[in-house]
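Novice: Just one file: upload.txt, with compact mmCIF, C-alpha atoms.
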# COMPACT_ATOMS: atom_id res chain seq x y z
CA MET F 992 0.00 0.00 0.00
CA LEU F 993 2.83 2.33 0.83
CA LYS F 994 4.89 1.62 -2.26
CA PRO F 995 2.54 2.99 -4.99
CA ILE F 996 2.10 6.27 -3.11
CA SER F 997 5.84 6.85 -2.82
CA ARG F 998 6.28 6.01 -6.51
CA LYS F 999 3.60 8.57 -7.32
CA THR F 1000 5.25 11.26 -5.23
CA ASN F 1001 8.62 10.37 -6.75
CA LYS F 1002 7.17 10.77 -10.22
CA ALA F 1003 5.60 14.12 -9.31
CA MET F 1004 8.92 15.28 -7.85
CA LEU F 1005 10.75 14.20 -10.96
CA THR F 1006 8.29 16.07 -13.21
CA LYS F 1007 8.65 19.23 -11.17
CA LEU F 1008 12.41 18.90 -11.14
CA LEU F 1009 12.53 18.41 -14.92
CA ALA F 1010 10.25 21.39 -15.49
CA GLY F 1011 12.45 23.49 -13.23
CA ILE F 1012 15.65 22.45 -14.98
CA GLY F 1013 14.04 23.10 -18.38
CA GLY F 1014 12.96 26.57 -17.34
CA LEU F 1015 16.37 27.45 -15.95
CA LEU F 1016 18.07 26.12 -19.09
CA ALA F 1017 15.76 28.18 -21.32
CA ALA F 1018 16.49 31.31 -19.28
CA ALA F 1019 20.24 30.66 -19.40
CA ILE F 1020 20.26 30.09 -23.17
CA SER F 1021 18.16 33.22 -23.77
CA LEU F 1022 20.46 35.32 -21.55
CA GLY F 1023 23.58 33.92 -23.15
CA TYR F 1024 22.24 34.53 -26.65
CA SER F 1025 21.26 38.11 -25.91
CA LEU F 1026 24.70 38.78 -24.37
CA TYR F 1027 26.36 37.25 -27.43
CA GLU F 1028 24.19 39.30 -29.78
CA LYS F 1029 24.99 42.48 -27.88
CA ARG F 1030 28.73 41.80 -28.08
CA GLN F 1031 28.45 41.02 -31.79
CA ALA F 1032 26.52 44.23 -32.39
CA GLU F 1033 29.22 46.35 -30.78
CA ILE F 1034 31.88 45.33 -33.28
CA ILE F 1035 31.30 47.71 -36.17
CA PRO F 1036 33.93 47.74 -38.92
CA GLN F 1037 35.77 51.00 -39.55
CA VAL F 1038 35.67 51.89 -43.24
CA ALA F 1039 37.94 54.26 -45.13
CA ILE F 1040 36.69 57.40 -46.83
CA ALA F 1041 35.13 56.94 -50.30
CA THR F 1042 34.79 53.18 -49.87
CA PRO F 1043 31.44 51.77 -50.92
CA VAL F 1044 29.51 50.35 -47.97
CA ASP F 1045 26.80 47.79 -48.59
CA ALA F 1046 24.04 48.61 -46.12
CA GLY F 1047 21.51 46.15 -47.47
CA ARG F 1048 18.98 48.48 -49.02
CA TRP F 1049 21.53 51.16 -49.91
CA LYS F 1050 25.08 51.29 -51.11
CA VAL F 1051 26.81 54.42 -49.97
CA SER F 1052 30.31 55.81 -50.18
CA LEU F 1053 30.97 58.88 -48.08
CA SER F 1054 33.55 61.17 -49.61
CA ALA F 1055 33.82 64.40 -47.62
CA GLY F 1056 32.47 66.44 -44.75
CA VAL F 1057 31.87 70.17 -45.18
CA ILE F 1058 31.13 72.93 -42.66
CA GLY F 1059 29.29 76.07 -43.60
CA GLY F 1060 28.47 77.28 -47.06
CA GLU F 1061 25.04 77.52 -48.57
CA MET F 1062 22.25 75.05 -49.05
CA PRO F 1063 22.73 73.19 -52.37
CA ASN F 1064 19.44 74.48 -53.78
CA GLY F 1065 20.05 78.06 -52.64
CA SER F 1066 17.36 78.04 -49.96
CA HIS F 1067 18.08 80.11 -46.87
CA ILE F 1068 19.58 78.73 -43.69
CA ALA F 1069 17.40 79.18 -40.60
CA PRO F 1070 18.61 82.03 -38.33
CA GLY F 1071 20.98 80.84 -35.61
CA LYS F 1072 21.89 77.72 -37.56
CA GLN F 1073 24.91 76.53 -39.49
CA VAL F 1074 25.31 73.84 -42.07
CA VAL F 1075 27.14 70.53 -41.76
CA ALA F 1076 27.09 68.49 -44.94
CA ILE F 1077 28.41 65.16 -46.21
CA ASP F 1078 29.05 64.44 -49.87
CA MET F 1079 28.36 60.89 -50.94
CA VAL F 1080 27.45 58.58 -53.75
CA LEU F 1081 24.20 56.79 -53.02
CA GLU F 1082 22.71 53.80 -54.80
CA ASN F 1083 19.39 52.04 -54.27
CA LEU F 1084 20.06 48.29 -54.11
CA SER F 1085 16.44 47.35 -53.51
CA ALA F 1086 14.00 46.37 -56.24
CA GLU F 1087 11.83 49.48 -56.01
CA SER F 1088 12.15 53.26 -56.15
CA SER F 1089 12.52 54.56 -52.63
CA ASN F 1090 13.05 57.73 -50.61
CA ILE F 1091 13.64 56.05 -47.26
CA TYR F 1092 17.27 57.01 -46.77
CA ARG F 1093 16.98 59.54 -43.95
CA ASP F 1094 18.03 57.05 -41.28
CA LEU F 1095 20.94 55.68 -43.30
CA ILE F 1096 23.59 57.95 -41.81
CA ARG F 1097 23.90 58.88 -38.17
CA LEU F 1098 26.28 61.50 -36.79
CA GLN F 1099 28.07 60.18 -33.73
CA ASN F 1100 29.86 63.19 -32.31
CA ILE F 1101 27.29 65.93 -32.85
CA PRO F 1102 24.71 65.87 -30.06
CA ASN F 1103 21.00 66.02 -30.94
CA ALA F 1104 21.62 66.19 -34.66
CA PRO F 1105 18.33 66.47 -36.54
CA LYS F 1106 17.48 64.27 -39.50
CA PRO F 1107 19.37 65.43 -42.58
CA GLN F 1108 17.89 66.80 -45.77
CA PHE F 1109 19.24 65.13 -48.90
CA TYR F 1110 20.02 67.00 -52.11
CA LEU F 1111 20.63 65.64 -55.60
CA MET F 1112 23.77 67.35 -56.88
CA ARG F 1113 22.81 66.73 -60.53
CA ASP F 1114 19.81 69.05 -60.17
CA LYS F 1115 20.93 71.08 -57.14
CA ASP F 1116 17.52 70.30 -55.77
CA ILE F 1117 15.87 68.24 -53.05
CA LEU F 1118 16.30 64.51 -53.55
CA TRP F 1119 13.10 62.49 -53.72
CA ASP F 1120 13.02 58.90 -54.95
CA MET F 1121 16.24 57.08 -55.74
CA GLN F 1122 15.70 54.72 -58.67
CA PRO F 1123 17.17 51.20 -58.42
CA MET F 1124 20.60 50.69 -60.04
CA MET F 1125 21.10 54.42 -60.63
CA PRO F 1126 23.84 55.76 -58.33
CA GLU F 1127 23.82 59.52 -57.86
CA ALA F 1128 26.04 62.12 -56.20
CA VAL F 1129 24.10 63.28 -53.18
CA LYS F 1130 24.66 65.74 -50.35
CA ALA F 1131 23.17 65.22 -46.91
CA VAL F 1132 22.74 68.49 -45.01
CA TRP F 1133 22.21 68.98 -41.29
CA GLN F 1134 21.30 72.38 -39.84
CA VAL F 1135 22.85 72.57 -36.37
CA PRO F 1136 22.97 75.50 -33.90
CA ALA F 1137 25.48 78.17 -35.00
CA ASP F 1138 27.09 78.38 -31.54
CA LEU F 1139 27.82 74.64 -31.46
CA THR F 1140 31.57 73.99 -31.58
CA LEU F 1141 32.05 71.40 -34.24
CA PRO F 1142 34.63 68.62 -34.01
CA LYS F 1143 37.58 68.48 -36.45
CA GLU F 1144 36.48 65.07 -37.60
CA LEU F 1145 32.99 63.83 -38.14
CA LYS F 1146 32.30 60.32 -36.84
CA VAL F 1147 29.53 58.72 -38.83
CA LYS F 1148 27.68 55.44 -38.55
CA VAL F 1149 26.00 53.78 -41.51
CA GLU F 1150 22.80 51.99 -40.52
CA GLY F 1151 21.98 48.76 -42.31
CA GLU F 1152 18.66 47.32 -43.33
CA LYS F 1153 17.79 43.76 -44.21
CA PHE F 1154 15.07 42.37 -46.41
CA LYS F 1155 12.46 39.97 -45.11
CA PRO F 1156 10.31 38.30 -47.77
CA ARG F 1157 7.63 37.79 -45.08
CA ASP F 1158 7.46 40.00 -42.03
CA ASN F 1159 6.18 38.71 -38.70
CA LEU F 1160 2.93 40.67 -38.71
CA TYR F 1161 1.41 40.65 -42.19
CA ALA F 1162 3.70 38.15 -43.98
CA ALA F 1163 4.38 41.02 -46.35
CA PRO F 1164 7.84 41.72 -47.81
CA GLY F 1165 9.71 44.62 -46.27
CA TRP F 1166 12.98 46.16 -45.11
CA PHE F 1167 13.88 46.09 -41.44
CA SER F 1168 16.59 47.72 -39.37
CA ALA F 1169 19.71 45.54 -39.01
CA GLY F 1170 21.90 47.76 -36.83
CA SER F 1171 25.02 49.69 -37.77
CA VAL F 1172 27.12 48.16 -40.53
CA ALA F 1173 30.06 50.58 -40.76
CA GLN F 1174 31.79 53.52 -39.17
CA VAL F 1175 33.50 56.27 -41.14
CA THR F 1176 35.62 59.15 -39.87
CA LEU F 1177 35.42 62.17 -42.14
CA PRO F 1178 37.60 65.27 -41.80
CA LEU F 1179 35.47 68.42 -41.70
CA ALA F 1180 36.68 71.10 -44.10
CA PRO F 1181 35.19 74.56 -44.47
CA ALA F 1182 33.17 75.01 -47.65
CA PRO F 1183 34.91 76.83 -50.50
CA ALA F 1184 33.82 80.45 -50.69
CA PRO F 1185 31.12 80.97 -53.31
CA ILE F 1186 32.42 82.56 -56.50
CA PRO F 1187 30.74 85.92 -57.06
CA ALA F 1188 28.58 85.90 -60.15
CA ALA F 1189 30.53 88.76 -61.81
CA GLU F 1190 33.80 86.82 -61.57
CA ALA F 1191 32.34 83.52 -62.65
CA LYS F 1192 31.61 84.84 -66.11
CA PRO F 1193 34.73 85.92 -67.97
CA MET I 1253 0.60 0.11 -29.43
CA ARG I 1254 -1.09 3.16 -28.02
CA LEU I 1255 2.20 4.99 -28.02
CA VAL I 1256 2.80 4.20 -31.69
CA PHE I 1257 -0.71 5.37 -32.52
CA LEU I 1258 -0.11 8.60 -30.62
CA ILE I 1259 3.17 9.26 -32.41
CA VAL I 1260 1.58 8.62 -35.80
CA VAL I 1261 -1.31 10.96 -35.02
CA ILE I 1262 1.07 13.72 -33.89
CA ALA I 1263 3.28 13.30 -36.96
CA VAL I 1264 0.30 13.38 -39.34
CA SER I 1265 -1.21 16.45 -37.69
CA MET I 1266 2.16 18.25 -37.76
CA THR I 1267 2.50 17.52 -41.48
CA VAL I 1268 -1.04 18.74 -42.18
CA LEU I 1269 -0.52 21.93 -40.16
CA ALA I 1270 2.83 22.63 -41.83
CA ALA I 1271 1.24 22.14 -45.26
CA LEU I 1272 -1.62 24.47 -44.36
CA GLN I 1273 0.79 27.11 -43.10
CA ALA I 1274 3.04 26.87 -46.14
CA THR I 1275 0.16 27.24 -48.59
CA THR I 1276 -1.71 30.06 -46.82
CA PRO I 1277 -1.62 33.07 -49.15
CA PRO I 1278 0.05 35.98 -47.35
CA TYR I 1279 -1.99 38.95 -46.18
CA ALA I 1280 -0.28 41.19 -48.72
CA MET I 1281 -1.51 38.93 -51.51
CA LEU I 1282 -5.04 38.57 -50.12
CA THR I 1283 -5.43 42.34 -49.86
CA GLY I 1284 -3.40 43.07 -52.98
CA PRO I 1285 -4.48 44.85 -56.13
CA ILE I 1286 -7.11 43.58 -58.57
CA ARG I 1287 -5.05 43.30 -61.71
CA THR I 1288 -6.24 43.67 -65.31
CA GLU I 1289 -3.72 42.96 -68.05
CA GLY I 1290 -3.51 44.39 -71.54
CA ARG I 1291 -1.26 45.71 -74.27
CA GLN I 1292 -0.23 49.11 -75.48
CA GLY I 1293 -2.69 50.57 -77.99
CA GLU I 1294 -5.80 48.84 -76.68
CA THR I 1295 -8.12 50.26 -74.06
CA VAL I 1296 -7.51 48.35 -70.85
CA SER I 1297 -10.48 48.58 -68.48
CA GLY I 1298 -10.51 47.88 -64.78
CA THR I 1299 -13.60 48.26 -62.63
CA VAL I 1300 -13.30 52.00 -61.91
CA PHE I 1301 -11.01 53.36 -64.62
CA SER I 1302 -9.54 52.52 -67.98
CA ALA I 1303 -6.39 53.54 -69.80
CA GLN I 1304 -5.06 53.53 -73.30
CA ILE I 1305 -1.34 53.94 -73.89
CA ARG I 1306 -0.68 55.91 -77.06
CA GLN I 1307 3.05 56.41 -77.33
CA VAL I 1308 6.27 55.60 -75.56
CA GLN I 1309 9.33 57.81 -76.09
CA LYS I 1310 12.85 57.74 -74.76
CA ALA I 1311 15.16 60.72 -74.34
CA LYS I 1312 18.49 61.55 -72.75
CA THR I 1313 17.50 65.07 -71.75
CA LEU I 1314 14.13 66.53 -70.88
CA ALA I 1315 13.40 70.23 -71.27
CA TRP I 1316 10.40 72.35 -70.39
CA ASP I 1317 9.48 75.86 -69.35
CA GLN I 1318 8.63 76.44 -65.72
CA PHE I 1319 7.33 79.90 -64.82
CA GLY I 1320 9.00 81.26 -67.95
CA ARG I 1321 12.35 79.73 -67.00
CA ALA I 1322 13.89 76.95 -69.06
CA VAL I 1323 14.46 73.76 -67.06
CA GLU I 1324 16.59 70.85 -68.23
CA ARG I 1325 16.92 67.46 -66.61
CA GLN I 1326 19.69 65.07 -67.55
CA SER I 1327 19.86 61.43 -66.57
CA SER I 1328 22.61 58.86 -66.18
CA GLY I 1329 20.15 56.37 -67.69
CA THR I 1330 17.29 57.38 -69.89
CA TRP I 1331 13.96 59.13 -69.56
CA VAL I 1332 10.91 57.14 -70.59
CA ILE I 1333 7.86 59.22 -71.45
CA VAL I 1334 4.54 57.40 -71.73
CA SER I 1335 1.52 59.24 -73.10
CA ALA I 1336 -1.84 57.90 -72.05
CA GLU I 1337 -5.55 58.56 -72.15
CA LEU I 1338 -7.44 57.85 -68.94
CA GLN I 1339 -11.15 57.47 -68.33
CA ALA I 1340 -12.86 57.25 -64.97
CA MET I 1341 -16.05 55.21 -64.90
CA ARG I 1342 -17.80 56.06 -61.66
CA GLU I 1343 -16.30 59.04 -59.88
CA THR I 1344 -13.72 61.77 -60.04
CA MET I 1345 -10.38 60.20 -59.26
CA PRO I 1346 -6.66 60.71 -59.69
CA VAL I 1347 -4.42 58.06 -61.24
CA ARG I 1348 -1.22 58.81 -59.33
CA GLY I 1349 0.33 55.39 -59.00
CA ALA I 1350 2.39 54.73 -62.12
CA THR I 1351 5.25 52.23 -62.07
CA ILE I 1352 7.24 50.54 -64.81
CA ILE I 1353 8.44 46.98 -64.26
CA GLY I 1354 11.84 46.90 -65.97
CA THR I 1355 13.60 44.04 -67.72
CA SER I 1356 15.07 42.72 -64.46
CA GLY I 1357 11.72 42.96 -62.65
CA ARG I 1358 12.69 46.03 -60.63
CA LEU I 1359 9.98 48.61 -60.04
CA TYR I 1360 10.54 52.17 -61.23
CA HIS I 1361 8.07 54.73 -59.92
CA GLN I 1362 7.45 57.97 -61.80
CA SER I 1363 10.38 60.30 -61.46
CA GLN I 1364 9.83 63.09 -58.98
CA ARG I 1365 12.55 65.05 -60.76
CA ALA I 1366 10.15 65.69 -63.63
CA GLN I 1367 6.92 66.22 -61.69
CA ALA I 1368 6.90 69.93 -62.52
CA ALA I 1369 6.82 69.21 -66.26
CA PRO I 1370 3.66 70.31 -68.08
CA ASN I 1371 0.84 67.88 -68.79
CA VAL I 1372 1.92 65.30 -66.21
CA LEU I 1373 -1.02 62.98 -65.49
CA SER I 1374 -0.33 62.42 -61.82
CA ALA I 1375 -1.01 66.11 -61.23
CA LYS I 1376 -4.46 65.82 -62.84
CA THR I 1377 -7.76 64.37 -61.71
CA VAL I 1378 -9.89 62.36 -64.08
CA GLN I 1379 -13.61 63.25 -64.34
CA PRO I 1380 -16.03 60.51 -65.38
CA GLY I 1381 -17.07 60.91 -68.99
CA LEU I 1382 -14.17 63.22 -69.82
CA PRO I 1383 -11.19 61.37 -71.29
CA THR I 1384 -8.00 62.90 -69.90
CA THR I 1385 -4.71 62.78 -71.76
CA GLY I 1386 -1.25 63.43 -70.50
CA ILE I 1387 2.12 61.86 -69.80
CA TYR I 1388 3.94 59.85 -67.18
CA ILE I 1389 7.70 60.31 -66.89
CA PHE I 1390 10.11 57.64 -65.67
CA GLU I 1391 13.86 57.58 -65.20
CA MET I 1392 15.55 54.20 -65.54
CA PRO I 1393 18.81 52.56 -66.64
CA LYS I 1394 19.00 51.88 -70.38
CA GLU I 1395 19.25 48.09 -70.03
CA GLU I 1396 15.99 48.07 -68.04
CA THR I 1397 13.99 49.48 -70.97
CA ARG I 1398 14.18 46.43 -73.24
CA ASP I 1399 11.06 44.93 -71.77
CA MET I 1400 8.61 47.14 -69.91
CA THR I 1401 5.23 46.74 -68.26
CA LEU I 1402 3.37 49.77 -66.96
CA LEU I 1403 1.30 49.49 -63.77
CA LEU I 1404 -1.39 52.12 -63.21
CA SER I 1405 -3.47 52.58 -60.08
CA ARG I 1406 -5.23 55.31 -58.13
CA GLN I 1407 -2.42 55.47 -55.58
CA TYR I 1408 0.81 53.55 -55.00
CA GLY I 1409 0.35 50.22 -53.24
CA PRO I 1410 -3.31 49.65 -54.17
CA GLN I 1411 -5.20 47.27 -51.88
CA LEU I 1412 -8.32 45.59 -53.26
CA GLU I 1413 -8.37 48.27 -55.94
CA ASP I 1414 -7.82 48.36 -59.67
CA GLU I 1415 -4.35 47.97 -61.09
CA LEU I 1416 -3.85 47.95 -64.84
CA ALA I 1417 -0.79 46.09 -66.12
CA ILE I 1418 -0.05 47.22 -69.66
CA THR I 1419 2.77 45.72 -71.71
CA LEU I 1420 4.61 48.45 -73.61
CA GLU I 1421 5.65 47.90 -77.23
CA GLN I 1422 9.33 48.00 -78.09
CA ASN I 1423 8.89 48.71 -81.82
CA GLY I 1424 9.19 52.28 -82.90
CA ILE I 1425 10.81 53.67 -79.75
CA VAL I 1426 13.75 55.82 -80.69
CA LEU I 1427 16.15 57.27 -78.17
CA ARG I 1428 16.14 61.01 -78.67
CA GLU I 1429 18.93 63.28 -77.57
CA LYS I 1430 16.60 65.94 -76.18
CA MET I 1431 12.88 66.16 -75.78
CA GLU I 1432 10.91 69.36 -75.32
CA LEU I 1433 7.78 68.92 -73.25
CA GLY I 1434 5.09 71.40 -74.20
CA LYS I 1435 1.61 72.12 -72.96
CA ASN I 1436 0.13 69.80 -75.58
CA GLY I 1437 2.05 66.72 -74.58
CA ILE I 1438 4.36 64.78 -76.87
Using structure tokens, write down the structure that the file contains.
Specialist:
Amino acid sequence: MLKPISRKTNKAMLTKLLAGIGGLLAAAISLGYSLYEKRQAEIIPQVAIATPVDAGRWKVSLSAGVIGGEMPNGSHIAPGKQVVAIDMVLENLSAESSNIYRDLIRLQNIPNAPKPQFYLMRDKDILWDMQPMMPEAVKAVWQVPADLTLPKELKVKVEGEKFKPRDNLYAAPGWFSAGSVAQVTLPLAPAPAPIPAAEAKP
Amino acid sequence: MRLVFLIVVIAVSMTVLAALQATTPPYAMLTGPIRTEGRQGETVSGTVFSAQIRQVQKAKTLAWDQFGRAVERQSSGTWVIVSAELQAMRETMPVRGATIIGTSGRLYHQSQRAQAAPNVLSAKTVQPGLPTTGIYIFEMPKEETRDMTLLLSRQYGPQLEDELAITLEQNGIVLREKMELGKNGI
């Protein structure tokens, strides 16, 4: 009479123990994986100036940083602001025209930098859609406070995106953030003084 | 015996569920556009609008007058100008979504660089009973223009709405050096 009861309690104990071990193991694996992912994410390759960087959706090569000067399309600069700009060659690697490049480049050593405005140098006008397989010379312009002391070198991060044929919510294809893919250090040079119109024409 | 039966039942149900999951059409497809196919030259009718493609032209440079000032737009590829006649069937509507599927299957939306050109259809609204003519302008690499299909819809990314897919003819397209866009189209 005693034996079956003890077997039952033993079995119950064993089940509980197994469940406990399973839970702890799951927690440990999850913690270890997230730590590993975090460490992996911190290693961002440093890329030389004017080297093409494949950021998934975009291919970009940053060529120069410029302080001051005018807006590429001649529009006025807001009072109390100055211009920081980066020249680059941008190419749309995705399969569709797109204007979602505003989060591609992040300034590291300028605090509270706003989102940049992109200009197409071919037209000296605001850049809209980038067509696939058509690289263009582009300028990204940030307007930052005029009294901000700017660093000698601009530290820039290029943010990657990856394609998912089916996303988790709608099973629709889309591009999703994949963390930083490269770091570039650009020297900041003052913009060349604009040539007065009278001198430009001989 | 019972255990074997249980394992078989679990395996079969897993297979069935996996098959069901793999063959479920995605949401994007279920709520996708209602596509009508056709060819250049014929009137292609959807449920709320129809379109007829008249001409397709290619040019290296586009030129037009904007507020009395001459504007020129160059391209590293080529400009593709499609002239079309649109008809709305039920209500006043725009036809703003215009995309060309290139040779490689990439999607080229209308070029925003030429949106200020005269007679551009995406800036117009179509009134029922009044055929509206105009142009759509695209910028694409030259090698993408060998085989083109035009997609027209009310807006980009139509969901459960009309989308006309019109195959564009390759015969008779010449690549012009420069194309002047006037008020009367091409």
Novice: Taking all atoms listed in the file into account, which residues of chain F are within 7 Å of chain I, as a PyMOL selection string?
Specialist: chain F and resi 1086-1088+1119-1120+1122+1125+1161-1163
Novice: Just the number, please: distance in Å from CA of Asp1094 in chain F to CA of Ile1117 in chain F, one decimal.
Specialist: 16.4 Å
Novice: Nearest to Val1132 in chain F: which of F:Glu1033, F:Asp1078, F:Glu1028, F:Asp1045 is it, counting all atoms listed in the file?
Specialist: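 Among the listed residues, the smallest separation from Val1132 in chain F belongs to F:Asp1078.
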Novice: Show me, as a PyMOL selection string, the residues that have an atom within 9 Å of range 1292-1308 of chain I when counting only C-alpha atoms, minus same-chain residues fewer than 6 positions from it.
Specialist: chain I and resi 1286+1332-1343+1345+1347+1380+1404-1406+1413-1422+1424-1425+1438
Novice: How many Å separate CA of Ala1366 in chain I from CA of Ser1066 in chain F?
Specialist: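 Those two atoms sit 19.8 Å apart.
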Novice: Neighbouring residues of Pro1181 in chain F were defined as those with any atom within 9 Å, considering all atoms listed in the file; residues of the same chain fewer than 5 positions away were excluded. Please report them as a ChimeraX atom specification.
Specialist: /F:1056-1060
Novice: What is the CA of Leu1269 in chain I-CA of Arg1254 in chain I distance in Å, reported with one decimal?
Specialist: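 Distance reported for this atom pair: 22.4 Å.
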Novice: Measuring between all atoms listed in the file, which one of I:Gly1290, I:Gly1284, I:Gly1409, I:Gly1381 shows the shortest distance to Ala1350 in chain I?
Specialist: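 Checking each candidate against Ala1350 in chain I, we get I:Gly1409 as the closest.
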Novice: Quick one: residues within 10 Å of Lys1148 in chain F, only C-alpha atoms counted, chain neighbours fewer than 6 positions away excluded, as number ranges by chain?
Specialist: F: 1035-1038, 1095-1099, 1170-1176
Novice: Would you kindly return, as a PyMOL selection string, each protein, DNA or RNA residue with an atom no farther than 7 Å from any atom of Tyr1110 in chain F, considering only C-alpha atoms and excluding same-chain residues fewer than 6 positions away?
Specialist: chain F and resi 1063+1116-1118+1129-1131
Novice: Which residues, written as a ChimeraX atom specification, have at least one atom at most 10 Å from Gln1318 in chain I, with only C-alpha atoms counted and residues fewer than 2 positions away on the same chain left out?
Specialist: /I:1315-1316,1320-1323,1368-1370
Novice: Will you model N, CA and C atoms for range 1006-1018 of chain F and pass it back as an mmCIF file, in the frame of the given file?
Specialist:
data_model
loop_
_atom_site.group_PDB
_atom_site.id
_atom_site.type_symbol
_atom_site.label_atom_id
_atom_site.label_comp_id
_atom_site.auth_asym_id
_atom_site.auth_seq_id
_atom_site.Cartn_x
_atom_site.Cartn_y
_atom_site.Cartn_z
ATOM 1 N N THR F 1006 8.901 15.174 -12.227
ATOM 2 C CA THR F 1006 8.290 16.070 -13.210
ATOM 3 C C THR F 1006 8.607 17.521 -12.873
ATOM 4 N N LYS F 1007 8.398 17.865 -11.608
ATOM 5 C CA LYS F 1007 8.650 19.230 -11.170
ATOM 6 C C LYS F 1007 10.112 19.611 -11.387
ATOM 7 N N LEU F 1008 10.972 18.659 -11.017
ATOM 8 C CA LEU F 1008 12.410 18.900 -11.140
ATOM 9 C C LEU F 1008 12.788 19.149 -12.594
ATOM 10 N N LEU F 1009 12.227 18.273 -13.488
ATOM 11 C CA LEU F 1009 12.530 18.410 -14.920
ATOM 12 C C LEU F 1009 12.039 19.747 -15.457
ATOM 13 N N ALA F 1010 10.809 20.113 -15.045
ATOM 14 C CA ALA F 1010 10.250 21.390 -15.490
ATOM 15 C C ALA F 1010 11.132 22.538 -15.021
ATOM 16 N N GLY F 1011 11.586 22.433 -13.781
ATOM 17 C CA GLY F 1011 12.450 23.490 -13.230
ATOM 18 C C GLY F 1011 13.749 23.592 -13.992
ATOM 19 N N ILE F 1012 14.375 22.442 -14.251
ATOM 20 C CA ILE F 1012 15.650 22.450 -14.980
ATOM 21 C C ILE F 1012 15.454 23.022 -16.387
ATOM 22 N N GLY F 1013 14.342 22.595 -17.028
ATOM 23 C CA GLY F 1013 14.040 23.100 -18.380
ATOM 24 C C GLY F 1013 13.906 24.602 -18.385
ATOM 25 N N GLY F 1014 13.160 25.111 -17.419
ATOM 26 C CA GLY F 1014 12.960 26.570 -17.340
ATOM 27 C C GLY F 1014 14.262 27.303 -17.158
ATOM 28 N N LEU F 1015 15.078 26.805 -16.220
ATOM 29 C CA LEU F 1015 16.370 27.450 -15.950
ATOM 30 C C LEU F 1015 17.265 27.422 -17.188
ATOM 31 N N LEU F 1016 17.248 26.272 -17.884
ATOM 32 C CA LEU F 1016 18.070 26.120 -19.090
ATOM 33 C C LEU F 1016 17.632 27.126 -20.158
ATOM 34 N N ALA F 1017 16.297 27.231 -20.332
ATOM 35 C CA ALA F 1017 15.760 28.180 -21.320
ATOM 36 C C ALA F 1017 16.209 29.592 -20.987
ATOM 37 N N ALA F 1018 16.095 29.966 -19.700
ATOM 38 C CA ALA F 1018 16.490 31.310 -19.280
ATOM 39 C C ALA F 1018 17.972 31.541 -19.541
#
